[in-house]
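Text of my_file-v2.cif (mmCIF, C-alpha atoms and all ligand atoms) as supplied:
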data_upload
loop_
_atom_site.label_atom_id
_atom_site.label_comp_id
_atom_site.auth_asym_id
_atom_site.auth_seq_id
_atom_site.Cartn_x
_atom_site.Cartn_y
_atom_site.Cartn_z
CA MET S 1 -20.32 11.13 12.88
CA LEU S 2 -18.86 13.19 10.05
CA THR S 3 -18.08 11.32 6.83
CA ILE S 4 -15.49 12.60 4.35
CA TYR S 5 -16.02 11.47 0.76
CA SER S 6 -14.75 12.43 -2.70
CA ASP S 7 -16.23 11.40 -6.05
CA ASP S 8 -12.67 11.23 -7.40
CA HIS S 9 -12.53 7.54 -6.44
CA ARG S 10 -14.44 6.89 -9.69
CA LEU S 11 -11.38 7.92 -11.68
CA HIS S 12 -9.80 4.60 -10.65
CA HIS S 13 -11.71 1.80 -12.34
CA ALA S 14 -9.36 -0.82 -13.72
CA GLN S 15 -10.35 -3.30 -16.40
CA GLY S 16 -9.72 -6.54 -14.58
CA GLU S 17 -7.68 -8.73 -12.27
CA MET S 18 -6.33 -12.24 -12.71
CA VAL S 19 -8.42 -14.83 -10.85
CA GLY S 20 -7.84 -18.51 -11.47
CA GLY S 21 -5.90 -17.81 -14.65
CA GLU S 22 -8.58 -15.60 -16.15
CA LEU S 23 -9.05 -11.85 -16.28
CA GLN S 24 -12.14 -11.09 -14.18
CA PRO S 25 -13.80 -7.80 -13.20
CA CYS S 26 -11.86 -6.12 -10.37
CA PHE S 27 -13.20 -6.86 -6.90
CA GLU S 28 -12.05 -3.39 -5.86
CA MET S 29 -14.60 -1.41 -7.89
CA PRO S 30 -16.25 2.05 -7.66
CA ALA S 31 -19.61 0.56 -6.62
CA ARG S 32 -18.04 -0.31 -3.25
CA ALA S 33 -17.80 3.33 -2.22
CA ASP S 34 -21.24 4.06 -3.68
CA HIS S 35 -22.82 1.45 -1.41
CA VAL S 36 -21.06 2.71 1.68
CA LEU S 37 -22.05 6.31 0.91
CA ALA S 38 -25.67 5.27 0.27
CA ARG S 39 -25.80 3.51 3.65
CA VAL S 40 -24.29 6.51 5.45
CA GLN S 41 -27.09 8.59 3.93
CA ALA S 42 -29.85 6.04 4.58
CA GLN S 43 -28.87 5.68 8.25
CA GLN S 44 -28.43 9.44 8.65
CA LEU S 45 -25.04 8.87 10.20
CA GLY S 46 -24.27 12.56 9.95
CA GLU S 47 -22.91 15.21 7.62
CA ILE S 48 -21.06 14.16 4.46
CA ARG S 49 -18.35 16.59 3.42
CA ALA S 50 -15.85 16.83 0.56
CA PRO S 51 -12.13 16.71 1.41
CA GLN S 52 -9.93 19.76 1.89
CA GLU S 53 -6.60 20.02 0.06
CA PHE S 54 -3.52 19.35 2.13
CA GLY S 55 -1.24 18.77 -0.85
CA LEU S 56 1.62 16.32 -1.19
CA ALA S 57 3.59 17.23 1.93
CA PRO S 58 1.68 14.99 4.40
CA ILE S 59 1.80 12.12 1.87
CA ALA S 60 5.56 12.58 1.50
CA ARG S 61 5.92 12.08 5.29
CA ILE S 62 5.13 8.39 4.64
CA HIS S 63 6.00 7.66 1.00
CA SER S 64 9.38 8.06 -0.70
CA ALA S 65 9.95 10.77 -3.30
CA ASP S 66 10.81 8.33 -6.11
CA TYR S 67 7.68 6.28 -5.37
CA LEU S 68 5.46 9.36 -5.53
CA VAL S 69 7.06 10.53 -8.78
CA PHE S 70 6.50 7.07 -10.27
CA LEU S 71 2.84 7.02 -9.24
CA GLN S 72 2.23 10.49 -10.67
CA LYS S 73 4.05 9.92 -13.97
CA ALA S 74 3.48 6.23 -14.70
CA TRP S 75 0.30 6.52 -16.73
CA ALA S 76 1.59 9.32 -18.96
CA GLY S 77 4.77 7.34 -19.67
CA TRP S 78 2.83 4.15 -20.38
CA ALA S 79 0.43 5.98 -22.71
CA ALA S 80 3.37 7.65 -24.49
CA GLN S 81 4.62 4.15 -25.34
CA GLY S 82 1.39 3.63 -27.29
CA ASN S 83 -0.58 1.77 -24.64
CA SER S 84 -4.21 2.35 -23.75
CA ALA S 85 -4.98 -0.67 -21.55
CA ASP S 86 -4.20 -0.81 -17.81
CA PHE S 87 -0.54 -0.74 -16.81
CA LEU S 88 0.50 -3.74 -14.68
CA PRO S 89 3.88 -4.98 -13.45
CA GLY S 90 5.21 -8.48 -14.04
CA VAL S 91 8.76 -8.73 -12.69
CA PHE S 92 9.76 -8.06 -9.08
CA PRO S 93 13.11 -7.96 -7.28
CA ALA S 94 12.49 -11.25 -5.45
CA ARG S 95 15.08 -13.18 -3.47
CA HIS S 96 18.42 -13.78 -5.25
CA MET S 97 18.03 -10.65 -7.37
CA ARG S 98 19.11 -7.07 -6.82
CA ALA S 99 16.70 -4.38 -5.65
CA LYS S 100 18.32 -1.58 -7.63
CA ARG S 101 15.79 0.84 -9.09
CA PRO S 102 15.94 0.63 -12.90
CA ASP S 103 15.60 3.54 -15.34
CA ASP S 104 12.70 2.18 -17.39
CA LEU S 105 9.07 2.51 -16.45
CA TYR S 106 8.23 -1.20 -16.52
CA GLY S 107 11.20 -2.04 -14.33
CA GLN S 108 10.33 0.75 -11.94
CA TYR S 109 6.78 -0.60 -11.66
CA GLY S 110 8.11 -3.98 -10.55
CA PHE S 111 10.54 -2.26 -8.18
CA HIS S 112 7.63 -0.40 -6.57
CA SER S 113 5.21 -3.37 -6.40
CA PHE S 114 4.89 -6.68 -4.60
CA ASP S 115 2.08 -8.12 -6.73
CA CYS S 116 -0.06 -7.56 -9.86
CA PHE S 117 -3.10 -6.31 -7.92
CA ALA S 118 -2.41 -2.57 -8.11
CA PRO S 119 -3.04 -1.60 -11.75
CA ILE S 120 -2.33 1.95 -12.90
CA THR S 121 -4.93 3.62 -15.13
CA ALA S 122 -5.42 7.13 -16.45
CA GLY S 123 -7.20 8.28 -13.30
CA THR S 124 -5.33 6.29 -10.67
CA TRP S 125 -3.11 9.09 -9.37
CA GLN S 126 -5.96 11.58 -8.94
CA ALA S 127 -8.07 8.91 -7.22
CA VAL S 128 -5.38 7.82 -4.77
CA TYR S 129 -4.33 11.42 -4.11
CA SER S 130 -7.92 12.34 -3.26
CA SER S 131 -8.32 9.20 -1.15
CA ALA S 132 -5.38 10.40 0.97
CA GLN S 133 -6.93 13.88 1.20
CA VAL S 134 -10.14 12.24 2.44
CA ALA S 135 -8.17 10.56 5.25
CA LEU S 136 -6.33 13.79 6.07
CA THR S 137 -9.56 15.82 6.20
CA ALA S 138 -11.18 13.32 8.57
CA GLN S 139 -7.96 13.34 10.62
CA ARG S 140 -8.28 17.11 11.07
CA GLU S 141 -11.78 16.69 12.42
CA VAL S 142 -10.59 14.26 15.11
CA ALA S 143 -7.49 16.35 15.88
CA ALA S 144 -9.82 19.33 16.38
CA GLY S 145 -11.73 17.46 19.08
CA ALA S 146 -14.39 15.31 17.41
CA ARG S 147 -14.99 11.96 19.12
CA SER S 148 -14.79 10.22 15.74
CA ALA S 149 -14.84 10.67 11.98
CA PHE S 150 -15.18 8.39 8.98
CA ALA S 151 -12.80 8.64 6.01
CA LEU S 152 -14.64 6.90 3.18
CA CYS S 153 -11.40 6.18 1.35
CA ARG S 154 -11.24 4.46 -2.01
CA PRO S 155 -8.81 3.14 -3.21
CA PRO S 156 -7.81 1.52 0.09
CA GLY S 157 -4.29 1.80 1.52
CA HIS S 158 -3.11 -0.70 4.13
CA HIS S 159 -1.10 -2.96 1.79
CA ALA S 160 1.04 -0.04 0.55
CA SER S 161 4.34 0.54 2.32
CA SER S 162 6.66 3.55 1.96
CA ASP S 163 7.63 2.70 -1.63
CA VAL S 164 5.80 -0.50 -2.61
CA MET S 165 2.20 -0.85 -3.83
CA GLY S 166 0.03 -3.96 -4.04
CA GLY S 167 -3.29 -5.47 -3.03
CA TYR S 168 -5.43 -2.64 -4.52
CA CYS S 169 -3.41 -0.13 -2.44
CA TYR S 170 -1.16 2.75 -3.56
CA LEU S 171 -1.02 5.37 -0.80
CA ASN S 172 -1.35 4.19 2.80
CA ASN S 173 -4.20 6.44 3.91
CA VAL S 174 -4.24 5.33 7.55
CA ALA S 175 -0.46 5.75 7.89
CA ILE S 176 -0.60 9.21 6.30
CA ALA S 177 -3.34 10.21 8.76
CA ALA S 178 -1.43 8.70 11.71
CA GLN S 179 1.66 10.73 10.83
CA ALA S 180 -0.49 13.86 10.55
CA PHE S 181 -1.55 13.36 14.19
CA PHE S 182 2.13 13.38 15.18
CA ASP S 183 2.86 16.43 13.09
CA GLN S 184 0.06 18.18 14.99
CA GLY S 185 1.45 17.24 18.39
CA ALA S 186 0.27 13.71 19.27
CA ALA S 187 2.70 11.59 21.28
CA ARG S 188 1.27 8.07 20.87
CA VAL S 189 -1.04 6.63 18.24
CA ALA S 190 -2.65 3.18 17.92
CA ILE S 191 -3.74 1.61 14.65
CA LEU S 192 -6.24 -1.24 14.79
CA ASP S 193 -6.48 -3.05 11.44
CA VAL S 194 -9.62 -5.19 11.25
CA ASP S 195 -9.48 -5.85 7.48
CA TYR S 196 -9.49 -9.58 6.65
CA HIS S 197 -6.04 -9.25 5.08
CA HIS S 198 -2.93 -8.44 7.09
CA GLY S 199 -2.02 -4.76 6.74
CA ASN S 200 1.54 -5.44 5.66
CA GLY S 201 2.16 -1.86 4.48
CA THR S 202 1.07 -0.29 7.76
CA GLN S 203 3.08 -2.81 9.77
CA SER S 204 6.21 -2.17 7.73
CA ILE S 205 5.90 1.63 7.86
CA PHE S 206 5.77 1.70 11.67
CA TYR S 207 7.70 -1.49 12.50
CA GLU S 208 10.64 0.27 14.16
CA ARG S 209 8.63 2.93 15.97
CA ALA S 210 7.56 2.87 19.62
CA ASP S 211 5.15 5.79 19.18
CA VAL S 212 2.77 3.79 16.95
CA PHE S 213 1.18 0.61 18.27
CA VAL S 214 -0.11 -1.46 15.34
CA ALA S 215 -2.58 -4.32 15.93
CA ASN S 216 -3.77 -6.58 13.12
CA ILE S 217 -6.49 -9.28 13.13
CA HIS S 218 -6.45 -11.24 9.88
CA GLY S 219 -6.42 -14.51 8.00
CA SER S 220 -3.08 -16.15 8.73
CA PRO S 221 -0.43 -15.66 6.05
CA SER S 222 0.09 -19.43 6.26
CA PHE S 223 -2.90 -19.66 3.90
CA GLU S 224 -3.98 -16.14 2.99
CA TYR S 225 -2.94 -13.04 1.08
CA PRO S 226 -0.53 -11.21 1.43
CA HIS S 227 1.22 -14.54 2.20
CA PHE S 228 4.57 -13.06 3.26
CA LEU S 229 3.86 -10.96 6.35
CA GLY S 230 1.50 -11.10 9.31
CA TYR S 231 2.70 -13.89 11.61
CA ALA S 232 2.35 -13.63 15.39
CA ASP S 233 6.12 -13.57 15.95
CA GLU S 234 6.41 -10.21 14.15
CA THR S 235 6.43 -7.97 17.21
CA GLY S 236 8.49 -4.99 16.00
CA ALA S 237 12.17 -4.23 15.54
CA GLY S 238 14.70 -1.85 17.08
CA ALA S 239 12.93 0.83 19.10
CA GLY S 240 9.63 -0.69 17.92
CA VAL S 241 10.04 -4.06 19.66
CA GLY S 242 6.78 -4.83 21.46
CA TYR S 243 4.72 -2.31 19.48
CA ASN S 244 3.39 -4.58 16.74
CA LEU S 245 0.69 -7.17 17.45
CA ASN S 246 -0.42 -9.75 14.90
CA LEU S 247 -3.40 -11.97 15.64
CA PRO S 248 -3.57 -14.36 12.66
CA LEU S 249 -6.71 -16.51 12.67
CA ALA S 250 -7.75 -19.72 10.94
CA ALA S 251 -9.99 -19.92 7.90
CA GLY S 252 -13.65 -20.17 8.93
CA SER S 253 -13.23 -17.95 11.99
CA ALA S 254 -16.57 -16.48 13.14
CA TRP S 255 -17.42 -13.90 15.81
CA ASP S 256 -16.60 -16.19 18.77
CA VAL S 257 -12.96 -16.38 17.72
CA TRP S 258 -12.78 -13.00 16.00
CA GLY S 259 -14.42 -11.11 18.85
CA ALA S 260 -11.99 -12.69 21.34
CA ALA S 261 -9.09 -11.53 19.17
CA LEU S 262 -10.58 -8.04 19.07
CA ASP S 263 -10.81 -8.09 22.85
CA SER S 264 -7.09 -9.03 23.12
CA ALA S 265 -6.13 -6.29 20.68
CA CYS S 266 -8.22 -3.72 22.54
CA GLN S 267 -6.67 -4.70 25.89
CA ARG S 268 -3.21 -4.14 24.43
CA ILE S 269 -4.30 -0.81 22.93
CA ALA S 270 -5.79 0.32 26.26
CA ALA S 271 -2.54 -0.58 28.05
CA TYR S 272 -0.62 1.44 25.45
CA ALA S 273 -2.77 4.50 26.31
CA PRO S 274 -2.69 6.18 22.89
CA ASP S 275 -3.86 9.74 22.29
CA VAL S 276 -5.93 8.53 19.36
CA VAL S 277 -7.03 5.29 17.68
CA LEU S 278 -7.12 4.83 13.92
CA VAL S 279 -9.15 1.91 12.59
CA SER S 280 -8.29 0.35 9.24
CA LEU S 281 -11.89 -0.58 8.55
CA GLY S 282 -12.07 -3.47 6.14
CA VAL S 283 -15.29 -5.48 6.14
CA ASP S 284 -13.99 -8.35 4.02
CA THR S 285 -14.31 -10.49 7.17
CA TYR S 286 -17.98 -10.91 6.13
CA LYS S 287 -19.28 -14.46 5.63
CA ASP S 288 -20.22 -13.86 2.00
CA ASP S 289 -17.13 -11.92 0.96
CA PRO S 290 -16.05 -13.35 -2.41
CA ILE S 291 -12.29 -13.40 -1.67
CA SER S 292 -12.21 -14.12 2.08
CA ARG S 293 -12.69 -17.00 4.48
CA PHE S 294 -13.97 -15.53 7.76
CA LYS S 295 -17.59 -15.84 8.85
CA LEU S 296 -18.65 -12.58 10.46
CA ASP S 297 -22.32 -11.68 10.05
CA SER S 298 -23.79 -8.19 9.75
CA PRO S 299 -24.80 -7.81 13.46
CA ASP S 300 -21.21 -8.69 14.45
CA TYR S 301 -20.09 -5.36 12.99
CA LEU S 302 -22.27 -3.54 15.55
CA ARG S 303 -20.42 -5.46 18.28
CA MET S 304 -17.11 -4.57 16.69
CA GLY S 305 -17.96 -0.87 16.88
CA GLN S 306 -19.17 -1.21 20.48
CA ARG S 307 -15.91 -2.83 21.58
CA ILE S 308 -13.82 -0.17 19.86
CA ALA S 309 -15.91 2.54 21.55
CA GLN S 310 -15.09 1.02 24.96
CA LEU S 311 -11.51 2.19 24.46
CA GLY S 312 -12.87 5.68 25.06
CA LYS S 313 -10.41 7.29 22.64
CA PRO S 314 -10.86 9.76 19.80
CA THR S 315 -11.22 7.44 16.82
CA LEU S 316 -10.63 7.84 13.10
CA PHE S 317 -12.18 5.17 10.87
CA VAL S 318 -10.46 4.72 7.51
CA MET S 319 -12.15 2.53 4.89
CA GLU S 320 -10.08 -0.39 3.57
CA GLY S 321 -11.40 -3.61 1.95
CA GLY S 322 -14.74 -5.40 1.64
CA TYR S 323 -15.91 -7.00 -1.61
CA ALA S 324 -19.42 -8.29 -0.90
CA VAL S 325 -20.60 -5.13 -2.61
CA ALA S 326 -24.31 -5.40 -1.76
CA GLU S 327 -23.55 -5.71 1.97
CA ILE S 328 -20.45 -3.52 2.30
CA GLY S 329 -22.48 -0.46 3.26
CA ILE S 330 -24.50 -2.25 5.93
CA ASN S 331 -21.41 -3.83 7.46
CA ALA S 332 -19.16 -0.76 7.42
CA VAL S 333 -21.84 1.57 8.76
CA ASN S 334 -22.81 -1.01 11.40
CA VAL S 335 -19.31 -0.58 12.87
CA LEU S 336 -19.81 3.19 12.98
CA GLU S 337 -23.30 2.88 14.48
CA GLY S 338 -22.09 0.35 17.03
CA PHE S 339 -19.34 2.81 17.98
CA GLN S 340 -21.81 5.65 18.42
CA GLY S 341 -24.02 3.47 20.65
N1 LIG C 401 -6.23 -14.98 -5.75
C1 LIG C 401 -7.69 -5.21 0.49
O1 LIG C 401 -8.58 -5.81 1.06
N2 LIG C 401 -6.19 -10.72 -3.81
N3 LIG C 401 -6.90 -5.80 -0.42
C2 LIG C 401 -5.38 -11.55 -4.55
C3 LIG C 401 -5.37 -13.84 -5.43
C4 LIG C 401 -5.65 -9.46 -3.42
C5 LIG C 401 -7.05 -7.19 -0.74
C6 LIG C 401 -6.18 -12.80 -4.81
C7 LIG C 401 -6.41 -9.03 -2.21
C8 LIG C 401 -6.10 -7.62 -1.81
C9 LIG C 401 -7.46 -3.75 0.73
ZN ZN C 402 -8.72 -6.87 2.76
#
Represent the structure contained in this file as structure tokens.
Ligand code: Q9C
Ligand code: ZN
Amino acid sequence: MLTIYSDDHRLHHAQGEMVGGELQPCFEMPARADHVLARVQAQQLGEIRAPQEFGLAPIARIHSADYLVFLQKAWAGWAAQGNSADFLPGVFPARHMRAKRPDDLYGQYGFHSFDCFAPITAGTWQAVYSSAQVALTAQREVAAGARSAFALCRPPGHHASSDVMGGYCYLNNVAIAAQAFFDQGAARVAILDVDYHHGNGTQSIFYERADVFVANIHGSPSFEYPHFLGYADETGAGAGVGYNLNLPLAAGSAWDVWGAALDSACQRIAAYAPDVVLVSLGVDTYKDDPISRFKLDSPDYLRMGQRIAQLGKPTLFVMEGGYAVAEIGINAVNVLEGFQG
């Protein structure tokens, strides 16, 4: 399987995140991608290639113009105000307020965020831009006839919606790649999100569309991040009714429960008969993940890949979360190896 990877992910390395009232090292760190790349090499998964340049146009198919301008310009504006530390938002247009986009940078950051877990640093734009190019390059490979490809994206993307960032995510790599399939002639696309956290951004982007079936298996929002989306009764809206599947699971879920949910999701995907399957590949379902409460073990990721392969569809794997850094490579590449059989 071809892997697409860019060193540009290193340009995004924020100083910290708030955990239990204290600033701690970011869970979403450059070493994550290093470990996945090292495992791809160690297992001789296949060629590793740098991304091609597809520019902003395929990104702008998913994200709004004002959001993209903010992301590109935010650091320069923040630095011009005399700041050198990470830029973070603090005020959001929550219920009972007015979601009118303000003129000032700090207000715009809150307008374009749903939490404080997507810091902007000097290199953030280049890193997230390249992460999207990684997804688009792998997408081309699958569109050209490959059975599968692996987009080793960092930063991840599935929490980002059309104009709102959060949860370590800025550009929704899997959504950008899904739209690229349509723009190259696909008629129906399925997205299977196996990250521990509900992919709220991906769900929201495609919620009213019948040509994208989105399936999510995740810790229930009744107890888990992102807290405000991901319940089972969210099945789509308008033309998209029936094309969104949420399978929220309880804390402590292990392979018996998780694998059964995967089987349900795969049955629905098979019935949908998509041209292509995109997998939002988060491995934060791992038993020792520092921010998660599922109990998958490393061999379970081989089974995950095997079940996805049974769909018999061209498949694009897009890296999302996973914070047990020492094991992230083993677990992510196990999915790919299980898929290859
Ligand atoms: N105690 C992905 O896996 N955590 N994002 C907030 C609050 C944010 C996860 C924790 C988790 C974001 C791509
Ligand atoms: Zn996650």
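Taking CA of Lys73 in chain S as the reference point, CA of Leu136 in chain S is found at 22.9 Å.
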Cut-off 9 Å, all atoms listed in the file, neighbours of ligand LIG 401 (chain C) as a ChimeraX atom specification: /S:17-20,27-28,115-118,155-159,166-169,195-199,224-226,282-284,291-292,319-323
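Taking CA of Arg39 in chain S and CA of Thr137 in chain S as the two end points, the separation is 20.5 Å.
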Top pick for closest residue to Ser298 in chain S, considering S:Ala260, S:Ala143, S:Ala31, S:Ile328 and counting all atoms listed in the file: S:Ile328
Among listed residues S:Ser148, S:Thr285, S:Gln126, S:Ser204, nearest Arg10 in chain S (using only C-alpha atoms): S:Gln126
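Closest approach to ligand ZN 402 (chain C) from the set S:Asn216, S:Ser64, S:Ser130, S:Thr121 is made by S:Asn216, with distances taken over all atoms listed in the file.
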Please write range 123-209 of chain S of the preceding block to a file containing C-alpha atoms, as an mmCIF file, in the first residue's frame?
data_model
loop_
_atom_site.group_PDB
_atom_site.id
_atom_site.type_symbol
_atom_site.label_atom_id
_atom_site.label_comp_id
_atom_site.auth_asym_id
_atom_site.auth_seq_id
_atom_site.Cartn_x
_atom_site.Cartn_y
_atom_site.Cartn_z
ATOM 1 C CA GLY S 123 3.614 26.933 11.291
ATOM 2 C CA THR S 124 0.018 25.810 11.688
ATOM 3 C CA TRP S 125 -1.263 26.931 8.292
ATOM 4 C CA GLN S 126 1.568 25.300 6.335
ATOM 5 C CA ALA S 127 1.155 22.096 8.348
ATOM 6 C CA VAL S 128 -2.613 21.833 7.891
ATOM 7 C CA TYR S 129 -2.367 22.826 4.217
ATOM 8 C CA SER S 130 0.181 20.068 3.621
ATOM 9 C CA SER S 131 -1.897 17.588 5.621
ATOM 10 C CA ALA S 132 -4.780 18.233 3.209
ATOM 11 C CA GLN S 133 -2.422 17.819 0.237
ATOM 12 C CA VAL S 134 -1.352 14.462 1.706
ATOM 13 C CA ALA S 135 -5.010 13.352 1.737
ATOM 14 C CA LEU S 136 -5.578 14.657 -1.794
ATOM 15 C CA THR S 137 -2.485 12.897 -3.150
ATOM 16 C CA ALA S 138 -3.550 9.569 -1.632
ATOM 17 C CA GLN S 139 -7.051 10.198 -3.004
ATOM 18 C CA ARG S 140 -5.615 10.486 -6.526
ATOM 19 C CA GLU S 141 -3.930 7.129 -6.145
ATOM 20 C CA VAL S 142 -7.223 5.421 -5.262
ATOM 21 C CA ALA S 143 -9.137 7.343 -7.950
ATOM 22 C CA ALA S 144 -6.544 6.112 -10.455
ATOM 23 C CA GLY S 145 -7.342 2.497 -9.591
ATOM 24 C CA ALA S 146 -5.274 1.500 -6.553
ATOM 25 C CA ARG S 147 -7.063 -0.856 -4.163
ATOM 26 C CA SER S 148 -6.018 1.334 -1.237
ATOM 27 C CA ALA S 149 -3.737 4.137 -0.083
ATOM 28 C CA PHE S 150 -2.716 5.588 3.260
ATOM 29 C CA ALA S 151 -2.741 9.348 3.885
ATOM 30 C CA LEU S 152 -0.488 9.824 6.898
ATOM 31 C CA CYS S 153 -2.150 13.111 7.791
ATOM 32 C CA ARG S 154 -1.077 15.274 10.692
ATOM 33 C CA PRO S 155 -2.735 17.445 11.989
ATOM 34 C CA PRO S 156 -5.911 15.354 11.919
ATOM 35 C CA GLY S 157 -9.203 16.670 10.518
ATOM 36 C CA HIS S 158 -12.469 15.006 11.501
ATOM 37 C CA HIS S 159 -13.544 17.526 14.171
ATOM 38 C CA ALA S 160 -13.311 20.456 11.722
ATOM 39 C CA SER S 161 -16.517 21.458 9.951
ATOM 40 C CA SER S 162 -16.873 23.888 7.030
ATOM 41 C CA ASP S 163 -15.939 26.937 9.121
ATOM 42 C CA VAL S 164 -15.276 25.756 12.687
ATOM 43 C CA MET S 165 -12.078 24.213 14.068
ATOM 44 C CA GLY S 166 -11.546 22.268 17.293
ATOM 45 C CA GLY S 167 -10.226 19.040 18.762
ATOM 46 C CA TYR S 168 -6.736 19.336 17.175
ATOM 47 C CA CYS S 169 -8.410 19.696 13.744
ATOM 48 C CA TYR S 170 -8.350 22.605 11.267
ATOM 49 C CA LEU S 171 -8.969 21.264 7.757
ATOM 50 C CA ASN S 172 -11.163 18.189 7.376
ATOM 51 C CA ASN S 173 -8.792 16.012 5.359
ATOM 52 C CA VAL S 174 -11.204 13.104 4.858
ATOM 53 C CA ALA S 175 -14.025 15.415 3.740
ATOM 54 C CA ILE S 176 -11.715 17.231 1.312
ATOM 55 C CA ALA S 177 -10.654 13.876 -0.166
ATOM 56 C CA ALA S 178 -14.275 12.658 -0.334
ATOM 57 C CA GLN S 179 -15.298 15.754 -2.280
ATOM 58 C CA ALA S 180 -12.340 15.239 -4.631
ATOM 59 C CA PHE S 181 -13.758 11.797 -5.519
ATOM 60 C CA PHE S 182 -17.028 13.485 -6.527
ATOM 61 C CA ASP S 183 -15.240 16.144 -8.511
ATOM 62 C CA GLN S 184 -13.538 13.324 -10.425
ATOM 63 C CA GLY S 185 -16.803 11.559 -11.203
ATOM 64 C CA ALA S 186 -17.770 9.375 -8.221
ATOM 65 C CA ALA S 187 -21.497 9.049 -7.530
ATOM 66 C CA ARG S 188 -21.567 7.644 -3.976
ATOM 67 C CA VAL S 189 -18.961 7.724 -1.237
ATOM 68 C CA ALA S 190 -18.922 6.154 2.248
ATOM 69 C CA ILE S 191 -16.911 7.470 5.182
ATOM 70 C CA LEU S 192 -16.237 5.118 8.076
ATOM 71 C CA ASP S 193 -14.912 6.987 11.120
ATOM 72 C CA VAL S 194 -13.302 4.608 13.616
ATOM 73 C CA ASP S 195 -11.586 7.287 15.742
ATOM 74 C CA TYR S 196 -12.554 7.079 19.428
ATOM 75 C CA HIS S 197 -14.118 10.539 19.238
ATOM 76 C CA HIS S 198 -17.213 11.287 17.184
ATOM 77 C CA GLY S 199 -16.280 12.941 13.883
ATOM 78 C CA ASN S 200 -18.578 15.901 14.373
ATOM 79 C CA GLY S 201 -17.014 17.933 11.555
ATOM 80 C CA THR S 202 -17.404 15.191 8.967
ATOM 81 C CA GLN S 203 -20.975 14.500 10.076
ATOM 82 C CA SER S 204 -21.924 18.155 9.845
ATOM 83 C CA ILE S 205 -20.301 18.694 6.434
ATOM 84 C CA PHE S 206 -22.282 15.859 4.817
ATOM 85 C CA TYR S 207 -25.388 15.825 7.029
ATOM 86 C CA GLU S 208 -27.809 16.923 4.300
ATOM 87 C CA ARG S 209 -26.297 14.877 1.489
#
